[in-house]
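Participant: Here it is: the structure, laid out below.
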Amino acid sequence: MTTTAPPPADAVTALVEQALGALGAGSIATARRLLRRAVTQAARAEGDEARVLRARPLVTLAAAEHDRLGLDGALALLDEAEALAASARGHPEAATIGVLARVQRAALLGRSGRWRESVALYDGLAGDPLLPPRAACVVELNRGLGRQLLGDLAGSEESLRRAEERSARHGQLDLLVAAVHNRGVLALTAGDVPATLELMGRASALGPDVQPVAARLDHARALMEVGMLDEASPLLSEAARVATSSGARLDLAETWMEQARLALLRDDPAGARATARRAARSFERLGASAWARRARLVALEAGLMAAERAGTPAQRRRLIAEAEGVAGADAVARALLATALVQAGRTRDAAAALGRTPRGVAPLGDTLRTGLVRARVHAGLGRLRGADAALTATATLLAERQAGQSDLETRTALAVHGRRLRDLDVTLALADGGVPALYRASERWRSVARRLPWVVQDAPPPAATDLRPASLPAMRAGLRARGAGLVSLMRHRGTLYAITLGDGRDRLSRLGPEEIWREAASRIAADALALTRVREPSLRGVVRASLERSARQFGDLLAPAVPAASRCAQVVVIPSEILGPVPWRLVPGLAGRPLVVAPAATAWLERAEVPAARPDARTTAFAGPALDRAAAEAAGVASLRGGVLLTGPDAHRAALLRAFSSPGVVHVAAHGTHHEQSPMFSAISLADGPAYAHTIQQAGVRAELIVLSACEVGRAQPRPGDEALGLTAALLACGGRTVVAACGPVPDATAAAMMPALHEGLLAGLDAATALERCAGDDPVDRLFCAYGAA
């Protein structure tokens with residue numbers, strides 16, 4: 001039986017559609033074969049139809065052949081397609097094919113980096129009546145991308161919004177997803193990370209099955225940028241799955257690179273090394289030599305990080321050979337080779353490999369890496385002043401750069417190098433053996449960590465602070481003037497240390513293994529949390545007894561470092577990152593004494609020297625939703641202080657930001673949430689939704705006293721530098737003097753009962769720490785509230 005061949009037009013159409021599907025799946029070679037067959041099938045037609053049928057696959061073939069033939073070869077195919085369409089003017093499809101060829105030309109010019117020519121073509125095509133609906137959406141989509149790359153962010157937003165509207169109207173889901181996602185990319189370019197996450201999340205929800213790998217990588221990078229590592233991880237896994245199933249090997253290798261970076265952010269150098277090496281092998285097979293070298297450098301850095309902790313001589317020799325294998329003239333390769341040599345004890349060879357510091361502004365990671373190895377070289381050669389100078393310069397630069405940007409480079413640089421820099425500084429200080437050296441080292445990196453990660457780039461600058469740590473004599477004088485003692489806790493290489501100042505016996509205490517402290521802190525925090533949730537009297541007694549035991553055990557561990565009560569009534573605690581949400585006011589030796597928790601000793605002194613809120617200061621009291629006693633509590637505070645009461649719909653985000661950014665007292669009775677991995681997305685719940693820490697950051701804080709009668713907003717998350725970041729720390733870093741908040745979920749009834757007494761004490765002239773101590777009852781839950789910043 002003879003099979004009749006389909007008409008040429010049907011055959012060409014079917015082959016072009018199959019080729020488009022292959023391109024969408026990343027199967028470029030398959031698409032090329034299909035399109036070449038379509039060109040052959042067109043020869044079966046005659047006259048104008050043959051010319052039009054041949055032109056159609058040539059337009060798509062230009063895109064498929066771009067990587068193989070280069071831009072000139074691809075444009076030659078488009079020249080042929082346009083000539084064929086122009087010679088078939090009598091055919092009804094000829095003019096449309098000519099327009100589509102111009103669309104493809106603009107796309108290829110953009111793909112080759114010639115965006116001015118590309119955007120000029122798109123400008124001429126926009127609104128052309130011959131454009132099919134899908135092509136019209138593509139024009140606006142790519143026009144928006146081009147405008148963004150040329151720095152026209154407003155024009156880009158305009159084009160992308162048009163692309164979003166048209167693709168939604170015509171049911172083009174993949175283009176709708178792309179338009180919304182690209183608006184997220186645009187927001188990231190503009191420095192608005194919250195808007196980026198909202199738009200990219202919406203794009204992902206709109207079309208999870210049509211998102212390309214590149215879009216998933218963009219979304220994961222944005223999440224990693226603000227520290228949402230748990231949210232980024234599944235996106236990268238899905239990107240790897242899609243890239244694998246579609247055969248997009250380059251996308252897969254790029255995904256592995258991002259997974260390696262995620263492992264570095266999670267402090268998993270072994271995982272990062274394995275993943276980066278796999279990416280490097282894949283890039284090499286694909287001929288992407290620049291990407292392969294970049295992956296090998298990431299693998300080498302991860303290997304050096306792992307060897308730093310538990311490397312053998314044989315491993316260090318292999319790392320030197322690996323570093324020599326990727327050596328180059330660039331600063332990254334030189335610094336990594338120098339690091340490998342320093343680890344092997346070849347300090348003079350490391351100094352020679354490092355060479356001179358290059359001129360100009362380098363990426364932050366390169367600068368920190370070079371500063372770290374240069375300090376190690378100085379230390380290895382016995383030049384301690386040179387090591388101190390290198391560490392000081394690096395810390396200063398890091399603080400300045402961190403204050404001006406929030407991006408994945410900064411976050412990765414901090415994760416990879418921040419702790420290593422501090423570790424070296426503290427190691428040298430402990431070798432010195434004195435309180436002054438360790439005080440200087442710890443405060444240097446805590447001063448760096450006090451700089452918030454700015455997630456919206458047009459936010460105003462933070463409150464003016466001197467990045468230099470307060471001198472030890474100035475700190476002693478500040479403590480003496482306020483009758484206060486200070487205990488500053490820091491961990492180093494598995495051990496917790498403490499500096500004690502203010503009681504006449506400045507001392508350095510070695511407090512024991514980190515594991516013991518972690519366990520003790522976890523136990524007291526868990527018992528305190530359990531007590532807030534238990535209501536049955538007999539069971540509550542059992543839990544309270546357990547909390548008292550865990551508090552005593554914690555107090556016994558801390559006792560050598562606690563400032564003597566006979567010499568200083570008030571205590572300032574600078575916590576270590578390993579201790580988490582410890583209820584400090586329950587710890588024997590500290591309980592019963594006015595207590596302040598501060599992110600750094602320098603931060604405490606800065607705020608202590610700022611006048612506290614006067615009793616007659618302007619007061620604004622907010623009552624958030626879904627709290628039975630919030631309205632009564634806020635009303636009581638407002639009445640007591642003669643302040644403004646905002647409840648119901650009046651207790652909204654804009655009002656809160658206005659209150660925070662004005663001098664005075666702000667009392668907030670509302671639920672709060674703490675985001676574990678990205679504390680700048682911790683929030684206070686108000687009538688119109690959550691007020692995130694990053695929006696407070698944008699508005700700035702001038703209120704001298706802020707009382708957060710809310711759940712968990714006193715919790716914090718550690719960052720490099722042994723400092724913790726949460727909503728309270730954000731308020732302090734943005735300019736607040738004193739914040740009163742709870743380190744755990746305090747029952748509404750407890751907060752409502754305590755808050756009037758707290759404000760009565762403040763109005764009587766007591767400082768916040770003393771007022772909290774006076775109003776605390778017999779219930780240990782009362783002591784979950786604490787003063788942060790300065791009393």
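Every chain in the structure tokens takes a letter, A first, then B, and so on in the order presented; its residues are numbered from 1, and the ligands are numbered from 1 following the presented order.
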Determine, counting only C-alpha atoms, which protein, DNA and RNA residues have an atom within 7 Å of an atom of Gly700 of chain A; residues of the same chain fewer than 3 positions away are not included. Present the result as a VMD selection string.

Facilitator: chain A and resid 661 696 to 697 734 to 735

Participant: To test your reading of the structure, identify every residue in segment 441-673 of chain A that backbone DSSP assigns to strand (DSSP E or B), and report it as an MDAnalysis selection string.

Facilitator: chainID A and resid 456 484:492 495:501 507:513 570:574 595:597 619:623 644:646 665:669 672:673

Participant: Which residue gives the smallest distance to Arg44 of chain A among A:Val103, A:Leu217, A:Ala11, A:Leu496, with only C-alpha atoms counted?

Facilitator: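 Of A:Val103, A:Leu217, A:Ala11, A:Leu496, the one nearest Arg44 of chain A, counting only C-alpha atoms, is A:Ala11.
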
Participant: Using DSSP on the backbone, list every residue of segment 253-415 of chain A that comes out as helix (DSSP H, G or I), and give them as a VMD selection string.

Facilitator: chain A and resid 253 to 265 269 to 286 289 to 310 313 to 325 331 to 343 347 to 354 364 to 380 384 to 404 408 to 415

Participant: I'd like the contact shell of Glu443 of chain A - 8 Å cut-off, only C-alpha atoms, skipping same-chain residues fewer than 6 positions apart - returned as a list in words.

Facilitator: Pro469, Ala600, Ala601 and Thr602 of chain A

Participant: Would you export the selected residues with all heavy atoms as a PDB file, in the first residue's frame, please?

Facilitator:
```pdb
ATOM      1  N   PRO A 469      35.978  49.975  67.210  1.00  0.00           N
ATOM      2  CA  PRO A 469      35.520  49.583  68.547  1.00  0.00           C
ATOM      3  C   PRO A 469      35.877  50.649  69.578  1.00  0.00           C
ATOM      4  O   PRO A 469      36.896  51.336  69.461  1.00  0.00           O
ATOM      5  CB  PRO A 469      36.278  48.285  68.814  1.00  0.00           C
ATOM      6  CG  PRO A 469      36.726  47.797  67.478  1.00  0.00           C
ATOM      7  CD  PRO A 469      36.925  49.019  66.636  1.00  0.00           C
ATOM      8  N   ALA A 600      27.050  44.173  70.941  1.00  0.00           N
ATOM      9  CA  ALA A 600      28.485  44.373  71.094  1.00  0.00           C
ATOM     10  C   ALA A 600      28.696  45.367  72.224  1.00  0.00           C
ATOM     11  O   ALA A 600      27.811  46.172  72.538  1.00  0.00           O
ATOM     12  CB  ALA A 600      29.103  44.914  69.799  1.00  0.00           C
ATOM     13  N   ALA A 601      29.855  45.301  72.854  1.00  0.00           N
ATOM     14  CA  ALA A 601      30.142  46.249  73.921  1.00  0.00           C
ATOM     15  C   ALA A 601      30.139  47.679  73.399  1.00  0.00           C
ATOM     16  O   ALA A 601      29.595  48.595  74.036  1.00  0.00           O
ATOM     17  CB  ALA A 601      31.505  45.914  74.544  1.00  0.00           C
ATOM     18  N   THR A 602      30.720  47.883  72.223  1.00  0.00           N
ATOM     19  CA  THR A 602      30.733  49.219  71.620  1.00  0.00           C
ATOM     20  C   THR A 602      29.323  49.708  71.355  1.00  0.00           C
ATOM     21  O   THR A 602      29.006  50.886  71.584  1.00  0.00           O
ATOM     22  CB  THR A 602      31.548  49.194  70.321  1.00  0.00           C
ATOM     23  OG1 THR A 602      32.869  48.719  70.605  1.00  0.00           O
ATOM     24  CG2 THR A 602      31.620  50.565  69.688  1.00  0.00           C
TER      25      THR A 602
END
```

Participant: Could you name the residues that touch Arg273 of chain A at 10 Å or less, counting only C-alpha atoms, but leaving out those on the same chain fewer than 3 positions away, as a list of chain:residue names?

Facilitator: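 Within the cut-off, the hits are A:Ala260, A:Arg261, A:Ala263, A:Leu264, A:Asp268, A:Pro269, A:Ala270, A:Ala276, A:Arg277, A:Arg278, A:Ala279, A:Ala295, A:Arg296, A:Leu297, A:Val298, A:Ala299, A:Leu300, A:Glu301, A:Ala302, A:Gly303, A:Leu304, A:Met305, A:Ala306.
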
Participant: Could you work out how far atom CA of Arg385 of chain A lies from atom CA of Asp432 of chain A, giving the answer in Å with one decimal?

Facilitator: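 Atom CA of Asp432 of chain A sits 12.3 Å away from atom CA of Arg385 of chain A.
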
Participant: Might you pull out every residue within 6 Å of segment 603-611 of chain A, with only C-alpha atoms counted and same-chain residues fewer than 5 positions away left off, and present them as a list in words?

Facilitator: Ala598, Arg737, Gly789 and Ala790 of chain A

Participant: At what distance in Å, to one decimal, does atom CA of Ser245 of chain A lie from atom CA of Leu108 of chain A?

Facilitator: 26.3 Å

Participant: Could you name the residues that touch segment 203-207 of chain A at 7 Å or less, counting only C-alpha atoms, but leaving out those on the same chain fewer than 2 positions away, as a list in words?

Facilitator: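 In the requested format, the answer is Leu173, Val177, Val180, His181, Leu199, Met200, Gly201, Asp209, Val210 and Gln211 of chain A.
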
Participant: Just want the 12 Å neighbourhood of Gly345 of chain A, counted on only C-alpha atoms, with same-chain residues fewer than 2 positions away dropped. Output as a PyMOL selection string.

Facilitator: chain A and resi 313+316-317+320+338-343+347-351+376-377+379-381

Participant: Could you please determine the separation between atom CA of Leu265 of chain A and atom CA of Ala222 of chain A in Å, to one decimal place?

Facilitator: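 Straight-line distance from atom CA of Leu265 of chain A to atom CA of Ala222 of chain A works out to 13.6 Å.
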
Participant: Of the candidates A:Leu100, A:Ala335, A:Ala757, A:Ile516, which one gets nearest to Ala352 of chain A if we count only C-alpha atoms?

Facilitator: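 Going through A:Leu100, A:Ala335, A:Ala757, A:Ile516 one by one, the smallest distance to Ala352 of chain A is for A:Ala335.
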
Participant: Please report, as CSV, each residue of segment 468-532 of chain A lying at most 12 Å from segment 553-561 of chain A, together with the nearest pair of atoms and the separation in Å rounded to one decimal; use only C-alpha atoms, and order rows by chain and ascending residue number.

Facilitator:
```
residue,atom,partner,partner_atom,distance
A:Gly485,CA,A:Ala561,CA,10.4
A:Leu486,CA,A:Ala561,CA,9.1
A:Val487,CA,A:Ala561,CA,6.5
A:Ser488,CA,A:Ala561,CA,8.8
A:Leu489,CA,A:Ala561,CA,9.0
A:Met490,CA,A:Ala561,CA,12.0
A:Leu496,CA,A:Leu558,CA,10.2
A:Tyr497,CA,A:Ala561,CA,9.0
A:Ala498,CA,A:Ala561,CA,6.3
A:Ile499,CA,A:Ala561,CA,7.1
A:Thr500,CA,A:Ala561,CA,5.8
A:Leu501,CA,A:Ala561,CA,9.2
A:Gly502,CA,A:Ala561,CA,11.4
A:Asp503,CA,A:Ala561,CA,10.6
A:Arg505,CA,A:Ala561,CA,10.3
A:Asp506,CA,A:Ala561,CA,9.7
A:Arg507,CA,A:Ala561,CA,7.9
A:Leu508,CA,A:Ala561,CA,8.0
A:Ser509,CA,A:Ala561,CA,6.3
A:Arg510,CA,A:Pro560,CA,9.0
A:Leu511,CA,A:Leu557,CA,6.9
A:Gly512,CA,A:Leu557,CA,8.2
A:Pro513,CA,A:Leu557,CA,10.6
A:Glu514,CA,A:Leu557,CA,11.5
A:Ile516,CA,A:Leu557,CA,9.1
A:Trp517,CA,A:Phe554,CA,7.9
A:Arg518,CA,A:Phe554,CA,10.2
A:Glu519,CA,A:Phe554,CA,9.5
A:Ala520,CA,A:Phe554,CA,5.8
A:Ala521,CA,A:Phe554,CA,7.1
A:Ser522,CA,A:Phe554,CA,10.1
A:Arg523,CA,A:Phe554,CA,9.0
A:Ile524,CA,A:Phe554,CA,7.6
A:Ala525,CA,A:Phe554,CA,10.6
```

Participant: With N, CA, C and O atoms retained, could you export that selection as a short mmCIF file (atom, residue, chain, number, x, y, z; two decimals), in the first residue's frame?

Facilitator:
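And here's result-v9.cif as it stands now:
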```
data_model
loop_
_atom_site.label_atom_id
_atom_site.label_comp_id
_atom_site.auth_asym_id
_atom_site.auth_seq_id
_atom_site.Cartn_x
_atom_site.Cartn_y
_atom_site.Cartn_z
N GLY A 485 28.57 46.14 85.14
CA GLY A 485 29.61 45.20 84.75
C GLY A 485 29.23 44.56 83.44
O GLY A 485 28.05 44.53 83.07
N LEU A 486 30.23 44.07 82.73
CA LEU A 486 29.98 43.52 81.40
C LEU A 486 30.60 42.14 81.28
O LEU A 486 31.74 41.93 81.73
N VAL A 487 29.87 41.21 80.66
CA VAL A 487 30.42 39.91 80.32
C VAL A 487 30.20 39.69 78.82
O VAL A 487 29.07 39.74 78.34
N SER A 488 31.30 39.55 78.10
CA SER A 488 31.25 39.36 76.66
C SER A 488 31.68 37.93 76.34
O SER A 488 32.81 37.53 76.68
N LEU A 489 30.78 37.16 75.72
CA LEU A 489 31.00 35.73 75.47
C LEU A 489 31.34 35.51 74.01
O LEU A 489 30.74 36.12 73.12
N MET A 490 32.30 34.63 73.75
CA MET A 490 32.65 34.32 72.36
C MET A 490 33.15 32.89 72.30
O MET A 490 33.81 32.41 73.25
N LEU A 496 34.25 28.02 74.65
CA LEU A 496 33.63 29.31 74.94
C LEU A 496 34.54 30.09 75.88
O LEU A 496 35.02 29.57 76.89
N TYR A 497 34.77 31.36 75.52
CA TYR A 497 35.57 32.27 76.33
C TYR A 497 34.70 33.44 76.77
O TYR A 497 33.66 33.73 76.17
N ALA A 498 35.15 34.13 77.82
CA ALA A 498 34.44 35.32 78.29
C ALA A 498 35.44 36.38 78.73
O ALA A 498 36.49 36.07 79.29
N ILE A 499 35.08 37.63 78.43
CA ILE A 499 35.80 38.79 78.97
C ILE A 499 34.87 39.44 79.99
O ILE A 499 33.70 39.67 79.69
N THR A 500 35.37 39.71 81.16
CA THR A 500 34.58 40.38 82.20
C THR A 500 35.23 41.72 82.50
O THR A 500 36.44 41.80 82.76
N LEU A 501 34.40 42.77 82.49
CA LEU A 501 34.86 44.13 82.78
C LEU A 501 33.94 44.78 83.79
O LEU A 501 32.76 44.42 83.90
N GLY A 502 34.46 45.75 84.52
CA GLY A 502 33.62 46.63 85.32
C GLY A 502 33.55 46.35 86.79
O GLY A 502 33.04 47.18 87.56
N ASP A 503 34.02 45.17 87.25
CA ASP A 503 33.93 44.89 88.68
C ASP A 503 35.28 45.01 89.37
O ASP A 503 35.48 44.51 90.49
N ARG A 505 38.02 43.62 88.39
CA ARG A 505 38.89 42.47 88.12
C ARG A 505 38.72 42.07 86.65
O ARG A 505 38.14 41.04 86.32
N ASP A 506 39.19 42.92 85.76
CA ASP A 506 39.13 42.56 84.34
C ASP A 506 39.76 41.19 84.16
O ASP A 506 40.87 40.93 84.65
N ARG A 507 39.06 40.29 83.47
CA ARG A 507 39.60 38.94 83.36
C ARG A 507 39.11 38.26 82.08
O ARG A 507 38.07 38.61 81.51
N LEU A 508 39.92 37.30 81.68
CA LEU A 508 39.59 36.43 80.56
C LEU A 508 39.34 35.05 81.14
O LEU A 508 40.20 34.50 81.86
N SER A 509 38.18 34.47 80.86
CA SER A 509 37.83 33.16 81.41
C SER A 509 37.66 32.15 80.27
O SER A 509 37.03 32.45 79.25
N ARG A 510 38.24 30.99 80.45
CA ARG A 510 38.02 29.86 79.52
C ARG A 510 36.91 29.02 80.13
O ARG A 510 37.12 28.33 81.13
N LEU A 511 35.72 29.09 79.53
CA LEU A 511 34.53 28.56 80.19
C LEU A 511 34.19 27.12 79.82
O LEU A 511 33.24 26.56 80.37
N GLY A 512 34.93 26.52 78.92
CA GLY A 512 34.70 25.11 78.66
C GLY A 512 34.25 24.81 77.25
O GLY A 512 34.04 25.70 76.43
N PRO A 513 34.08 23.51 76.96
CA PRO A 513 33.76 23.08 75.59
C PRO A 513 32.42 23.62 75.08
O PRO A 513 31.44 23.72 75.83
N GLU A 514 32.43 23.94 73.82
CA GLU A 514 31.24 24.47 73.16
C GLU A 514 30.04 23.53 73.30
O GLU A 514 28.91 23.98 73.50
N ILE A 516 29.14 21.50 75.65
CA ILE A 516 28.48 21.61 76.97
C ILE A 516 27.61 22.85 77.01
O ILE A 516 26.48 22.82 77.52
N TRP A 517 28.12 23.95 76.48
CA TRP A 517 27.36 25.20 76.49
C TRP A 517 26.14 25.12 75.58
O TRP A 517 25.06 25.63 75.93
N ARG A 518 26.31 24.51 74.43
CA ARG A 518 25.15 24.36 73.53
C ARG A 518 24.04 23.56 74.21
O ARG A 518 22.87 23.90 74.15
N GLU A 519 24.44 22.49 74.86
CA GLU A 519 23.46 21.64 75.54
C GLU A 519 22.78 22.40 76.68
O GLU A 519 21.55 22.34 76.84
N ALA A 520 23.57 23.12 77.47
CA ALA A 520 23.00 23.87 78.59
C ALA A 520 22.05 24.96 78.10
O ALA A 520 20.97 25.17 78.68
N ALA A 521 22.45 25.67 77.03
CA ALA A 521 21.59 26.73 76.49
C ALA A 521 20.32 26.15 75.91
O ALA A 521 19.22 26.71 76.08
N SER A 522 20.44 25.02 75.22
CA SER A 522 19.26 24.38 74.63
C SER A 522 18.29 23.93 75.72
O SER A 522 17.07 24.08 75.59
N ARG A 523 18.84 23.42 76.82
CA ARG A 523 17.98 22.91 77.89
C ARG A 523 17.21 24.04 78.57
O ARG A 523 16.00 23.93 78.78
N ILE A 524 17.90 25.13 78.92
CA ILE A 524 17.20 26.22 79.61
C ILE A 524 16.17 26.88 78.69
O ILE A 524 15.06 27.22 79.12
N ALA A 525 16.50 27.02 77.41
CA ALA A 525 15.56 27.62 76.46
C ALA A 525 14.35 26.71 76.27
O ALA A 525 13.20 27.19 76.21
#
```
